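*Asks:* For reference, the structure I am asking about is given below.
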Amino acid sequence: YGTYGKLNSNEFPGDFLLGTATASYQIEGAWNLSGKGENIWDRYTHTHPELILDRSTGDVACDSYHKYEEDVALMKKMGVQFYRFSLSWSRILPTGFAYQINPDGIRYYNDLINLLLKNDIIPLVTLFHWDTPQPLEDLGGFTNALMVEWFEDYARVVFENFGDRVKLWLTFNEPKQTCHEGVGGDNKAPGYESSGIGDYLCAHNLIKAHARAYHLYDKEFRPKQNGSISITIDTSWMEPGTNSTADKEAAERKIAFNFGWYADPIFHPNGDYPEVMRKLVPERSKKEGFRRSRLPEFTKEEVKYIRGTFDFLGLNHYTTLLVKDIPEIPISGKPSVDKDSRTESWHDPSWPPSSAGWLKVVPWGFTKLLVWLKHRYGDVPIYVTENGFSDLGEIDDQGRVNYYKLYLSAMLDAMYEHKVNVKAYAAWSLVDNFEWRDGYVNRFGLHHVDMNDPGRKRTPKASAEYYRKVIAARKIHGID
Ligand SMILES: O=S(=O)(O)CCCN1CCN(CCO[C@@H]2O[C@H](CO)[C@@H](O)[C@H](O)[C@H]2O)CC1
């Protein structure tokens with residue numbers, strides 16, 4: 001693969017953190033037990049079974065609500081240094097509003113946090129991993145500007161209850177899946193399909209909510225709790241389909257619309273949405289006959305308020321796309337972010353597959369993405385909060401072992417050859433879990449979960465053994 005593919009970096013720096021990750025709706029189950037309120041994924045899976053590949057739900061999932069001790073034991077055995085998990089907003093605040101706190105929600109997460117600390121595993125806690133409380137969605141969810149207040153109130157309850165022991169926070173996981181896929185499309189809950197309009201509105205409020213929670217932490221909690229807080233944003237690497245200038249610019253546009261949309265307002269020295277978005281969206285909106293741009297605008301004060309609301313950068317990365325320029329997209333049909341970006345993307349047929357159509361094994365893309373992040377956002381500490389491989393659940397998962405060897409090596413290449421400041425890596429995922437619209441068909445776990453067994457039996461796969469050796473030896477090769 002040339003410079004980007006040499007598998008020559010092998011060892012992790014002494015202070016590098018190796019961990020694993022999950023999310024509340026995907027593993028907890030207990031969807032309506034002990035006071036938990038309904039969230040949009042409960043609603044989406046209960047009312048649209050036809051949208052889920054195996055018509056399953058997260059009603060029970062891995063039953064980690066009851067089996068979190070087993071989960072911690074699996075992590076202890078692998079020797080992971082940290083565990084990234086998310087809080088179910090509706091388990092803590094059943095109505096979404098902070099006037100009613102569910103004691104069992106506080107109890108559950110305290111038990112989990114205390115057990116992690118007892119096992120010398122650092123908790124890295126995500127406040128929001130897509131599971132909006134349904135009563136808030138009924139009021140528009142993130143298309144309602146008041147969500148900024150409601151999220152701040154939720155964050156305050158969380159920092160008050162867990163911030164004495166939790167020192168690493170993420171406000172949101174992958175905002176694009178909530179806004180672009182969930183509000184703009186129906187690929188995720190709530191499934192409004194308000195493409196090119198609702199997704200921009202959702203993102204605008206979500207970014208403000210992130211900044212509000214950051215400043216709340218920074219002013220009221222950091223002085224006594226001394227933690228760090230950021231956001232996790234995902235992107236594929238966007239590789240030009242040809243080395244034409246048009247395709248190179250198209251790839252830059254695509255990653256701006258895909259990642260910069262959320263990252264620039266927070267991490268870019270100038271803040272605000274990427275320039276290319278602030279140019280192309282108003283232009284196309286006008287041609288479509290809109291009286292004003294479909295992309296909401298931050299005021300100067302808001303740009304300042306949002307810029308710099310991070311202590312590190314949370315990155316989820318899985319794969320790479322090839323991108324080409326589409327010079328003219330006819331003004332017809334519904335508006336969309338993809339039309340606004342004037343790009344088309346695809347996979348090179350030679351790239352090794354996974355069981356998920358969107359995930360191809362392209363390790364050099366990880367190196368390029370990490371280098372791109374450093375050039376665009378400077379030397380910000382990067383926490384890789386998700387990276388992993390999908391298969392159909394085989395125990396001898398050599399495809400996953402191979403994926404981790406390649407991607408960990410690609411990450412170390414970026415660190416050693418390009419001095420990218422990566423500080424941590426979380427393998428997605430600790431266990432097979434509810435993979436959203438793919439249900440339990442496509443699986444990402446280091447441990448197999450028997451979804452037909454009421455006890456949800458967990459079984460280590462070959463990749464769990466490989467990751468245990470990597471953590472013990474703190475290197476990737478020569479550990480068999
Ligand atoms: O078909 S296409 O290519 O046109 C569009 C699909 C591409 N997306 C890219 C982002 N990816 C986010 C991954 O989502 C993350 O990764 C895990 C594995 O999916 C999830 O389980 C986690 O909850 C989530 O944080 C989901 C698929």
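Chain labels A, B, ... are given in the sequence in which chains occur in the structure tokens; within each chain residues are numbered consecutively from 1, and ligands are likewise numbered from 1 in the order shown.
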Could you give me the residues within 9 Å of ligand 1, counting only C-alpha atoms and all ligand atoms, as a ChimeraX atom specification?
*Replies:* /A:22-23,25-26,129-130,173-174,176-177,181,187,232-236,316-319,321,345-347,356-359,385-390,428-429,433-436,438,442-444
*Asks:* Mind checking which residues fall within 10 Å of range 246-253 of chain A, counting only C-alpha atoms, ignoring those fewer than 5 positions away in the same chain, and posting them as a list in words?
*Replies:* Trp237, Met238, Glu239, Pro240, Gly241, Asn258, Phe259, Gly260, Pro274, Glu275, Val276, Met277, Leu280, Leu321, Leu322, Val323, Lys324, Asp325, Ile326, Pro327, Asp340, Ser341, Arg342, Thr343, Glu344 and Ser345 of chain A
*Asks:* Take the selection from the previous step and output its residues with C-alpha atoms, as a CSV table (one decimal), in the first residue's frame.
*Replies:*
```csv
chain,number,residue,atom,x,y,z
A,237,TRP,CA,-11.7,8.1,5.2
A,238,MET,CA,-12.7,9.8,2.0
A,239,GLU,CA,-10.2,8.8,-0.8
A,240,PRO,CA,-10.4,10.6,-4.2
A,241,GLY,CA,-11.7,8.1,-6.9
A,258,ASN,CA,-19.5,14.1,6.7
A,259,PHE,CA,-17.1,15.0,9.6
A,260,GLY,CA,-16.4,18.8,9.5
A,274,PRO,CA,-16.9,24.3,7.1
A,275,GLU,CA,-16.7,27.1,4.5
A,276,VAL,CA,-17.6,24.8,1.7
A,277,MET,CA,-21.0,24.0,3.5
A,280,LEU,CA,-22.9,25.2,-1.2
A,321,LEU,CA,-14.9,5.3,0.7
A,322,LEU,CA,-13.8,6.4,-2.8
A,323,VAL,CA,-15.3,9.7,-3.8
A,324,LYS,CA,-15.9,11.5,-7.1
A,325,ASP,CA,-17.1,14.9,-8.1
A,326,ILE,CA,-20.6,15.3,-9.5
A,327,PRO,CA,-20.3,18.7,-11.3
A,340,ASP,CA,-25.5,19.6,-1.4
A,341,SER,CA,-22.0,18.0,-1.2
A,342,ARG,CA,-22.0,17.2,-5.0
A,343,THR,CA,-20.2,13.9,-4.4
A,344,GLU,CA,-20.8,10.3,-5.0
A,345,SER,CA,-19.0,7.5,-3.0
```
*Asks:* Using only C-alpha atoms, which protein or nucleic acid residues come within 10 Å of range 307-312 of chain A? Drop anything in the same chain fewer than 2 positions from it, and give the result as JSON, numbers by chain.
*Replies:* {"A": [168, 169, 170, 210, 211, 212, 213, 214, 215, 218, 227, 228, 229, 230, 231, 232, 263, 264, 265, 266, 267, 268, 269, 270, 271, 272, 302, 303, 304, 305, 314, 315, 379, 380, 381, 382, 383, 422, 423]}
*Asks:* Env of Phe366 in chain A: 7 Å cut, atoms = only C-alpha atoms, seq-sep filter 6 positions within chain, self excluded. Answer as a list in words.
*Replies:*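 So, after excluding close chain neighbours, the residues are Trp237, Tyr407, Ala410 and Met411 of chain A.
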*Asks:* Hey, what's within 12 Å of Tyr466 in chain A if we count only C-alpha atoms and toss same-chain stuff fewer than 5 positions away? As a list in words, please?
*Replies:* Met78, Gly79, Asp396, Asp397, Gln398, Gly399, Arg400, Val401, Asn402, Tyr403, Tyr404, Lys405, Ala427, Leu446, His447, Pro460, Lys461, Ile471, Ala472, Ala473, Arg474, Lys475, Ile476, His477, Gly478, Ile479 and Asp480 of chain A
*Asks:* Mind checking DSSP for range 96-299 of chain A and telling me the strand (DSSP E) residues as a list in words?
*Replies:*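 Strand (DSSP E) members of range 96-299 of chain A, listed: Ile122, Pro123, Leu124, Val125, Thr126, Leu127, Phe128, Leu168, Trp169, Leu170, Thr171, Phe172, Asn173, Ser228, Ile229, Ser230, Ile231, Thr232, Ile233, Asp234, Trp237, Met238, Glu239 and Pro240 of chain A.
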*Asks:* With only C-alpha atoms as the counted atoms, please give the residues lying no more than 10 Å from Lys457 in chain A, apart from itself and same-chain residues fewer than 3 positions off, as a list of chain:residue names.
*Replies:* A:Cys62, A:Lys67, A:Glu70, A:His447, A:His448, A:Val449, A:Asp450, A:Met451, A:Asn452, A:Asp453, A:Pro454
*Asks:* For the selection you just gave me, I'd like the residues written to a file as a JSON list (two decimals), in the first residue's frame, keeping all heavy atoms.
*Replies:*
```json
[["chain", "number", "residue", "atom", "x", "y", "z"],
["A", 62, "CYS", "N", -28.27, -7.97, 25.31],
["A", 62, "CYS", "CA", -27.32, -8.84, 26.03],
["A", 62, "CYS", "C", -27.70, -8.96, 27.50],
["A", 62, "CYS", "O", -26.97, -9.59, 28.28],
["A", 62, "CYS", "CB", -25.91, -8.26, 25.91],
["A", 62, "CYS", "SG", -25.46, -7.87, 24.23],
["A", 67, "LYS", "N", -26.56, -8.44, 33.80],
["A", 67, "LYS", "CA", -25.32, -9.22, 33.68],
["A", 67, "LYS", "C", -24.06, -8.37, 33.56],
["A", 67, "LYS", "O", -23.05, -8.83, 33.03],
["A", 67, "LYS", "CB", -25.45, -10.16, 32.47],
["A", 67, "LYS", "CG", -26.60, -11.12, 32.64],
["A", 67, "LYS", "CD", -26.70, -12.09, 31.50],
["A", 67, "LYS", "CE", -27.69, -13.16, 31.83],
["A", 67, "LYS", "NZ", -27.33, -13.91, 33.06],
["A", 70, "GLU", "N", -20.86, -9.94, 34.71],
["A", 70, "GLU", "CA", -20.21, -10.85, 33.74],
["A", 70, "GLU", "C", -19.40, -10.03, 32.73],
["A", 70, "GLU", "O", -18.29, -10.40, 32.38],
["A", 70, "GLU", "CB", -21.27, -11.69, 33.01],
["A", 70, "GLU", "CG", -22.00, -12.68, 33.89],
["A", 70, "GLU", "CD", -23.02, -13.50, 33.08],
["A", 70, "GLU", "OE1", -22.74, -13.82, 31.92],
["A", 70, "GLU", "OE2", -24.09, -13.80, 33.64],
["A", 447, "HIS", "N", -16.64, -11.00, 22.14],
["A", 447, "HIS", "CA", -17.27, -12.15, 22.78],
["A", 447, "HIS", "C", -18.60, -12.43, 22.08],
["A", 447, "HIS", "O", -19.36, -11.52, 21.79],
["A", 447, "HIS", "CB", -17.53, -11.86, 24.28],
["A", 447, "HIS", "CG", -16.28, -11.70, 25.07],
["A", 447, "HIS", "ND1", -15.58, -10.50, 25.12],
["A", 447, "HIS", "CD2", -15.55, -12.58, 25.80],
["A", 447, "HIS", "CE1", -14.50, -10.65, 25.86],
["A", 447, "HIS", "NE2", -14.45, -11.90, 26.28],
["A", 448, "HIS", "N", -18.87, -13.69, 21.84],
["A", 448, "HIS", "CA", -20.13, -14.13, 21.26],
["A", 448, "HIS", "C", -21.20, -14.10, 22.35],
["A", 448, "HIS", "O", -20.93, -14.38, 23.52],
["A", 448, "HIS", "CB", -19.99, -15.55, 20.72],
["A", 448, "HIS", "CG", -21.26, -16.11, 20.16],
["A", 448, "HIS", "ND1", -22.18, -16.78, 20.93],
["A", 448, "HIS", "CD2", -21.78, -16.05, 18.90],
["A", 448, "HIS", "CE1", -23.21, -17.13, 20.17],
["A", 448, "HIS", "NE2", -22.99, -16.70, 18.93],
["A", 449, "VAL", "N", -22.42, -13.68, 21.97],
["A", 449, "VAL", "CA", -23.55, -13.74, 22.90],
["A", 449, "VAL", "C", -24.62, -14.61, 22.26],
["A", 449, "VAL", "O", -25.03, -14.38, 21.13],
["A", 449, "VAL", "CB", -24.12, -12.34, 23.19],
["A", 449, "VAL", "CG1", -25.34, -12.44, 24.11],
["A", 449, "VAL", "CG2", -23.06, -11.45, 23.84],
["A", 450, "ASP", "N", -25.05, -15.65, 23.00],
["A", 450, "ASP", "CA", -26.08, -16.55, 22.49],
["A", 450, "ASP", "C", -27.45, -15.92, 22.73],
["A", 450, "ASP", "O", -27.99, -15.97, 23.83],
["A", 450, "ASP", "CB", -25.99, -17.92, 23.20],
["A", 450, "ASP", "CG", -27.02, -18.90, 22.65],
["A", 450, "ASP", "OD1", -27.89, -18.46, 21.86],
["A", 450, "ASP", "OD2", -26.96, -20.09, 23.01],
["A", 451, "MET", "N", -28.01, -15.33, 21.68],
["A", 451, "MET", "CA", -29.26, -14.59, 21.82],
["A", 451, "MET", "C", -30.46, -15.52, 21.95],
["A", 451, "MET", "O", -31.56, -15.07, 22.21],
["A", 451, "MET", "CB", -29.46, -13.65, 20.62],
["A", 451, "MET", "CG", -28.37, -12.59, 20.47],
["A", 451, "MET", "SD", -28.03, -11.69, 21.99],
["A", 451, "MET", "CE", -29.53, -10.76, 22.14],
["A", 452, "ASN", "N", -30.23, -16.84, 21.77],
["A", 452, "ASN", "CA", -31.32, -17.80, 21.97],
["A", 452, "ASN", "C", -31.32, -18.35, 23.39],
["A", 452, "ASN", "O", -32.24, -19.03, 23.81],
["A", 452, "ASN", "CB", -31.18, -18.96, 20.97],
["A", 452, "ASN", "CG", -31.22, -18.45, 19.54],
["A", 452, "ASN", "OD1", -32.07, -17.61, 19.20],
["A", 452, "ASN", "ND2", -30.29, -18.90, 18.71],
["A", 453, "ASP", "N", -30.27, -18.04, 24.12],
["A", 453, "ASP", "CA", -30.13, -18.52, 25.49],
["A", 453, "ASP", "C", -30.67, -17.45, 26.44],
["A", 453, "ASP", "O", -30.17, -16.33, 26.43],
["A", 453, "ASP", "CB", -28.64, -18.78, 25.78],
["A", 453, "ASP", "CG", -28.39, -19.04, 27.26],
["A", 453, "ASP", "OD1", -29.37, -19.07, 28.05],
["A", 453, "ASP", "OD2", -27.21, -19.16, 27.64],
["A", 454, "PRO", "N", -31.70, -17.77, 27.25],
["A", 454, "PRO", "CA", -32.23, -16.76, 28.16],
["A", 454, "PRO", "C", -31.15, -16.19, 29.08],
["A", 454, "PRO", "O", -31.24, -15.05, 29.52],
["A", 454, "PRO", "CB", -33.26, -17.55, 28.98],
["A", 454, "PRO", "CG", -33.54, -18.78, 28.21],
["A", 454, "PRO", "CD", -32.34, -19.09, 27.38]]
```
*Asks:* Could you pull out the helix (DSSP H, G or I) residues of range 406-465 of chain A from DSSP and send them as number ranges by chain?
*Replies:* A: 406-418, 436-438, 462-465
